[in-house]
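Structure first, commentary second.
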Amino acid sequence: MSAAIDVDRFLRPRSIAIVGFSTRAGTPSQACLAGLEANGFAGDIHLVGRGGGEFEGRAVLDGVEALPEHVDLALLLLPASGVRAAVAGLIARRARAGVIFASGFAELGDAARREQEAIEQMAAEAGLPLVGPNCMGYTNYVDRLHIGFMPAQPMAPRAGDTRPAIALVTQSGGLMAHFYQALESRHVPIAYRISTGNEVGVQLSDFVAHLANAPSLRVIVCYAEELRDPARFLAAVRAARAAGKFVVLMHSGRTEGARQAAASHTGALAGDWALMAAAVTGAGVLLVDTMDELIDVTELLLRFPPPTKGVAVLTTSGALCAHAVDCCESMGLALPDFSPDVMSALKARMPDFVALGNPFDLTTQVVWDYELIGDCTSLAMSDPVIGSVVVIVPLGNPRMAEGILRRMVALATEARKPLVLCIMGDDSPIPADYLAAVRDAGLPFIRSGERALRAIARITEYGIREASLQTPSSAATTLSAPVAAQKRLPPGAWAEWEAKAFLRDAGIPVPAGSLARTPDEAVRLASEIGWPVALKLQSRQLLHKTEVGGVWLNITDE
């Protein structure tokens with residue numbers, strides 16, 4: 001089956017069956033129907049419920065066997081005990097796709113996992129793609145389709161909306177809801193939100209591959225507890241990156257406790273986190289550690305290209321400058337010196353008593369000179385050695401806050417590099433009109449300077465890494481799976497030069513080097529590699545070279 005075709009059946013069905021429909025008020029099945037009707041689903045809707053009957057003018061069929069053939073999408077609102085029989089009935093009626101909402105499968109342990117595997121095998125053999133079980137459904141905001149059992153409001157039409165948007169694809173429905181609410185509150189346009197649950201059929205990878213070609217989509221945001229088919233996910237990421245889209249991933253399982261929690265949540269059998277991290281970052285994923293990072297870097301990538309140079313920090317306090325230096329140093333985020341022209345312009349704009357540098361202390365002068373923060377921020381933004389700018393200031397009195405806001409909003413509309421405004425004060429109230437103006441301007445606004453700098457550090461590290469992969473000297477390599485597959489590995493140990501040659505043939509970068517059989521050949525190879533070099537004895541019988549004095553380092557000449 002083609003993953004793209006399968007996924008499209010879920011996102012743009014022409015007919016839908018709700019299996020497990022109840023005529024009792026307030027049931028999940030009625031919320032599911034209401035969500036379809038509220039958003040104008042134009043296709044056929046078939047209701048299937050025990051006992052049949054009628055609901056608000058719609059016939060309720062008394063069994064799956066009464067469905068017409070080839071229904072595009074069947075939604076199973078049934079307990080786990082009834083799912084296998086319903087899937088068998090859908091296969092008999094040649095349904096094209098299904099969603100299983102019920103929990104009570106692999107996340108409960110071995111017996112329930114075997115039931116899930118039986119359903120998975122049955123559906124796979126019949127060619128029936130399934131989403132779930134243990135999922136909350138999904139929403140396609142582009143085509144105004146809500147598939148889920150939670151009450152849904154009418155969506156605003158997005159037809160013709162060309163603003164860059166994001167998609168959320170998560171294995172957890174709860175985190176999908178959290179990320180959606182957080183990003184929506186920042187006025188981030190969201191085109192799709194999708195939860196995949198235990199993934200008996202369609203995986204997170206399939207949605208990423210499908211969305212790689214979605215117009216106007218700029219960032220695909222993922223949360224995973226297990227990448228069940230790593231090669232499939234890496235291929236999807238590469239397709240998304242080739243189409244100019246960013247992929248942000250948060251993956252649980254760095255600790256044994258987290259792996260056990262994942263197993264009891266979506267039934268995930270999480271593996272080696274470090275291995276996963278190396279693989280996905282190599283494919284072009286921006287991997288984050290926390291939910292806050294995911295939210296912040298997603299907004300930044302939506303608004304701006306990732307920077308490849310360090311940050312300028314503008315504050316109104318010497319203490320904040322010192323704290324920013326500590327933060328940046330611990331995060332590996334550079335604080336470049338301003339270029340001479342920009343430094344001269346900053347010096348001309350500031351009083352004589354102000355010490356100039358990065359971080360840049362605007363002092364309390366901004367209380368009397370509202371133009372100062374806008375002028376200095378604009379100069380920092382114009383500096384070619386600066387990759388991003390973070391402004392960290394107190395809220396101050398309403399008149400000062402409004403003065404600062406007006407100038408920052410004006411800069412945000414023209415910014416071509418990341419610009420973040422941090423208003424300190426933790427949960428102290430922000431005037432509603434202030435916040436609305438910031439959000440409407442698309443200006444990333446965070447109450448914590450540390451959190452802002454951490455997000456900037458993430459996207460800067462990412463931007464530098466991605467830029468380095470575009471240079472001919474360090475072009476990204478693609479693993480050549482057929483090489484490894486065609487060459488059978490012999491038993492026992494290999495000499496180092498043999499192992500490196502094998503890895504090189506498979507497309508895995510290894511340090512330059514080769515086998516020399518004579519001193520003259522060693523001199524020639526070393527000259528080609530470039531001095532200094534290391535010299536190592538080679539033998540399949542010599543596994544620990546240093547123990548016999550078989551390694552020489554820092555050889556500088558012939």
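Scheme for the structure tokens: letters A, B, ... for chains in order shown; per-chain residue numbers from 1; ligand numbers from 1 in order shown.
Every protein or nucleic acid residue with an atom no more than 10 Å from Asp44 of chain A, counting only C-alpha atoms and leaving out same-chain residues fewer than 3 positions away, appears here: Pro13, Arg14, Ser15, Ile16, Ala17, Phe41, Val71 and Asp72 of chain A.
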With C-alpha atoms retained, could you export that selection as a PDB file, in the first residue's frame?
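The resulting file, out-v5.pdb, is shown below:
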ATOM      1  CA  PRO A  13     -12.551  10.827   3.305  1.00  0.00           C
ATOM      2  CA  ARG A  14     -15.657  10.987   1.139  1.00  0.00           C
ATOM      3  CA  SER A  15     -17.747   8.737   3.396  1.00  0.00           C
ATOM      4  CA  ILE A  16     -17.544   7.917   7.109  1.00  0.00           C
ATOM      5  CA  ALA A  17     -19.044   5.199   9.306  1.00  0.00           C
ATOM      6  CA  PHE A  41     -18.653  17.328   6.338  1.00  0.00           C
ATOM      7  CA  VAL A  71     -16.765   3.158   3.020  1.00  0.00           C
ATOM      8  CA  ASP A  72     -13.715   5.428   3.028  1.00  0.00           C
TER       9      ASP A  72
END
**Request:** Quick one: pick out all alpha helix (DSSP H) residues within segment 218-397 of chain A from a backbone DSSP run and write them as a PyMOL selection string.
**Result:** chain A and resi 230-242+256-263+273-283+291-303+318-331+340-349+371-382
**Message:** Need to verify the contact set: segment 174-178 of chain A, 8 Å, only C-alpha atoms, exclusion of same-chain residues closer than 4 positions in sequence. Can you return it as a PyMOL selection string?
**Reply:** chain A and resi 168-170+182+193-195+223
Counting only C-alpha atoms, which residues in segment 362-400 of chain A sit no more than 7 Å from segment 342-349 of chain A? For each one, give the nearest pair of atoms and the distance in Å, sorted by chain then residue number, as a tab-separated table.
residue	atom	partner	partner_atom	distance
A:Cys376	CA	A:Leu346	CA	6.5
A:Leu379	CA	A:Val342	CA	6.3
A:Asp383	CA	A:Val342	CA	6.4
Can you tell me, as an mmCIF file with N, CA, C and O atoms, in the first residue's frame, what residues are no more than 12 Å from Arg218 of chain A when counting only C-alpha atoms, ignoring any on the same chain fewer than 6 positions away?
data_model
loop_
_atom_site.group_PDB
_atom_site.id
_atom_site.type_symbol
_atom_site.label_atom_id
_atom_site.label_comp_id
_atom_site.auth_asym_id
_atom_site.auth_seq_id
_atom_site.Cartn_x
_atom_site.Cartn_y
_atom_site.Cartn_z
ATOM 1 N N THR A 162 -2.528 31.227 2.742
ATOM 2 C CA THR A 162 -1.177 30.848 2.331
ATOM 3 C C THR A 162 -0.131 31.140 3.409
ATOM 4 O O THR A 162 1.063 31.012 3.156
ATOM 5 N N ARG A 163 -0.576 31.562 4.601
ATOM 6 C CA ARG A 163 0.398 31.809 5.666
ATOM 7 C C ARG A 163 1.135 30.522 6.016
ATOM 8 O O ARG A 163 0.534 29.447 6.036
ATOM 9 N N PRO A 164 2.441 30.613 6.291
ATOM 10 C CA PRO A 164 3.156 29.408 6.745
ATOM 11 C C PRO A 164 2.487 28.853 7.994
ATOM 12 O O PRO A 164 2.086 29.591 8.890
ATOM 13 N N ALA A 165 2.360 27.526 8.045
ATOM 14 C CA ALA A 165 1.660 26.882 9.152
ATOM 15 C C ALA A 165 2.473 25.699 9.646
ATOM 16 O O ALA A 165 3.506 25.338 9.066
ATOM 17 N N ILE A 166 1.999 25.081 10.728
ATOM 18 C CA ILE A 166 2.657 23.900 11.279
ATOM 19 C C ILE A 166 1.686 22.733 11.303
ATOM 20 O O ILE A 166 0.465 22.905 11.184
ATOM 21 N N ALA A 167 2.232 21.537 11.476
ATOM 22 C CA ALA A 167 1.437 20.328 11.708
ATOM 23 C C ALA A 167 1.961 19.649 12.969
ATOM 24 O O ALA A 167 3.173 19.619 13.200
ATOM 25 N N LEU A 168 1.053 19.145 13.772
ATOM 26 C CA LEU A 168 1.397 18.382 14.976
ATOM 27 C C LEU A 168 1.102 16.913 14.714
ATOM 28 O O LEU A 168 -0.030 16.565 14.355
ATOM 29 N N VAL A 188 0.047 30.917 16.336
ATOM 30 C CA VAL A 188 0.751 30.102 15.357
ATOM 31 C C VAL A 188 -0.287 29.366 14.518
ATOM 32 O O VAL A 188 -1.094 28.601 15.063
ATOM 33 N N PRO A 189 -0.323 29.571 13.195
ATOM 34 C CA PRO A 189 -1.297 28.852 12.363
ATOM 35 C C PRO A 189 -1.025 27.348 12.365
ATOM 36 O O PRO A 189 0.105 26.917 12.142
ATOM 37 N N ILE A 190 -2.067 26.571 12.643
ATOM 38 C CA ILE A 190 -1.941 25.117 12.712
ATOM 39 C C ILE A 190 -2.827 24.500 11.636
ATOM 40 O O ILE A 190 -4.026 24.739 11.594
ATOM 41 N N ALA A 191 -2.211 23.727 10.759
ATOM 42 C CA ALA A 191 -2.949 23.131 9.645
ATOM 43 C C ALA A 191 -3.469 21.736 9.966
ATOM 44 O O ALA A 191 -4.537 21.339 9.496
ATOM 45 N N TYR A 192 -2.717 20.975 10.769
ATOM 46 C CA TYR A 192 -3.114 19.611 11.116
ATOM 47 C C TYR A 192 -2.678 19.322 12.554
ATOM 48 O O TYR A 192 -1.628 19.787 12.998
ATOM 49 N N LEU A 211 2.791 14.743 4.780
ATOM 50 C CA LEU A 211 2.777 16.188 4.984
ATOM 51 C C LEU A 211 4.004 16.873 4.389
ATOM 52 O O LEU A 211 4.033 18.094 4.265
ATOM 53 N N ALA A 212 5.009 16.082 4.010
ATOM 54 C CA ALA A 212 6.185 16.671 3.364
ATOM 55 C C ALA A 212 5.803 17.442 2.113
ATOM 56 O O ALA A 212 6.486 18.400 1.727
ATOM 57 N N ALA A 240 10.764 15.592 3.868
ATOM 58 C CA ALA A 240 10.297 16.882 4.373
ATOM 59 C C ALA A 240 11.378 17.947 4.247
ATOM 60 O O ALA A 240 11.115 19.089 3.834
ATOM 61 N N ARG A 241 12.621 17.585 4.586
ATOM 62 C CA ARG A 241 13.707 18.559 4.473
ATOM 63 C C ARG A 241 13.956 18.931 3.021
ATOM 64 O O ARG A 241 14.225 20.092 2.704
ATOM 65 N N ALA A 242 13.864 17.959 2.127
ATOM 66 C CA ALA A 242 14.054 18.252 0.703
ATOM 67 C C ALA A 242 12.988 19.208 0.181
ATOM 68 O O ALA A 242 13.227 19.981 -0.752
ATOM 69 N N ALA A 243 11.797 19.161 0.817
ATOM 70 C CA ALA A 243 10.704 20.063 0.423
ATOM 71 C C ALA A 243 10.754 21.388 1.182
ATOM 72 O O ALA A 243 9.828 22.198 1.067
ATOM 73 N N GLY A 244 11.813 21.613 1.954
ATOM 74 C CA GLY A 244 11.975 22.878 2.659
ATOM 75 C C GLY A 244 11.256 22.979 3.985
ATOM 76 O O GLY A 244 11.095 24.071 4.522
ATOM 77 N N LYS A 245 10.827 21.841 4.526
ATOM 78 C CA LYS A 245 10.110 21.856 5.805
ATOM 79 C C LYS A 245 11.041 21.416 6.935
ATOM 80 O O LYS A 245 11.897 20.558 6.742
ATOM 81 N N PHE A 246 10.830 21.992 8.111
ATOM 82 C CA PHE A 246 11.581 21.597 9.296
ATOM 83 C C PHE A 246 10.808 20.519 10.050
ATOM 84 O O PHE A 246 9.573 20.534 10.071
ATOM 85 N N VAL A 247 11.538 19.608 10.672
ATOM 86 C CA VAL A 247 10.930 18.573 11.517
ATOM 87 C C VAL A 247 11.504 18.720 12.917
ATOM 88 O O VAL A 247 12.719 18.613 13.114
ATOM 89 N N VAL A 248 10.629 19.000 13.885
ATOM 90 C CA VAL A 248 11.007 19.118 15.293
ATOM 91 C C VAL A 248 10.498 17.873 16.012
ATOM 92 O O VAL A 248 9.333 17.503 15.861
ATOM 93 N N THR A 298 9.514 25.719 17.735
ATOM 94 C CA THR A 298 8.529 25.627 16.657
ATOM 95 C C THR A 298 8.102 27.020 16.207
ATOM 96 O O THR A 298 8.050 27.310 14.999
ATOM 97 N N GLU A 299 7.797 27.886 17.164
ATOM 98 C CA GLU A 299 7.409 29.245 16.777
ATOM 99 C C GLU A 299 8.555 29.968 16.073
ATOM 100 O O GLU A 299 8.342 30.652 15.061
ATOM 101 N N LEU A 300 9.762 29.814 16.574
ATOM 102 C CA LEU A 300 10.898 30.500 15.952
ATOM 103 C C LEU A 300 11.140 30.008 14.533
ATOM 104 O O LEU A 300 11.395 30.808 13.617
ATOM 105 N N LEU A 301 11.078 28.703 14.306
ATOM 106 C CA LEU A 301 11.290 28.170 12.959
ATOM 107 C C LEU A 301 10.173 28.562 12.004
ATOM 108 O O LEU A 301 10.394 28.688 10.797
ATOM 109 N N LEU A 302 8.967 28.731 12.542
ATOM 110 C CA LEU A 302 7.860 29.187 11.701
ATOM 111 C C LEU A 302 8.087 30.626 11.247
ATOM 112 O O LEU A 302 7.811 30.977 10.103
ATOM 113 N N ARG A 303 8.597 31.456 12.146
ATOM 114 C CA ARG A 303 8.723 32.887 11.865
ATOM 115 C C ARG A 303 10.011 33.258 11.129
ATOM 116 O O ARG A 303 10.034 34.204 10.351
ATOM 117 N N PHE A 304 11.113 32.515 11.408
ATOM 118 C CA PHE A 304 12.421 32.945 10.930
ATOM 119 C C PHE A 304 13.243 31.757 10.430
ATOM 120 O O PHE A 304 13.038 30.635 10.870
ATOM 121 N N PRO A 305 14.240 32.034 9.560
ATOM 122 C CA PRO A 305 15.195 30.965 9.227
ATOM 123 C C PRO A 305 16.114 30.709 10.412
ATOM 124 O O PRO A 305 16.386 31.616 11.205
#
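Taking atom CA of Gly374 of chain A as the reference point, atom CA of Leu411 of chain A is found at 7.5 Å.
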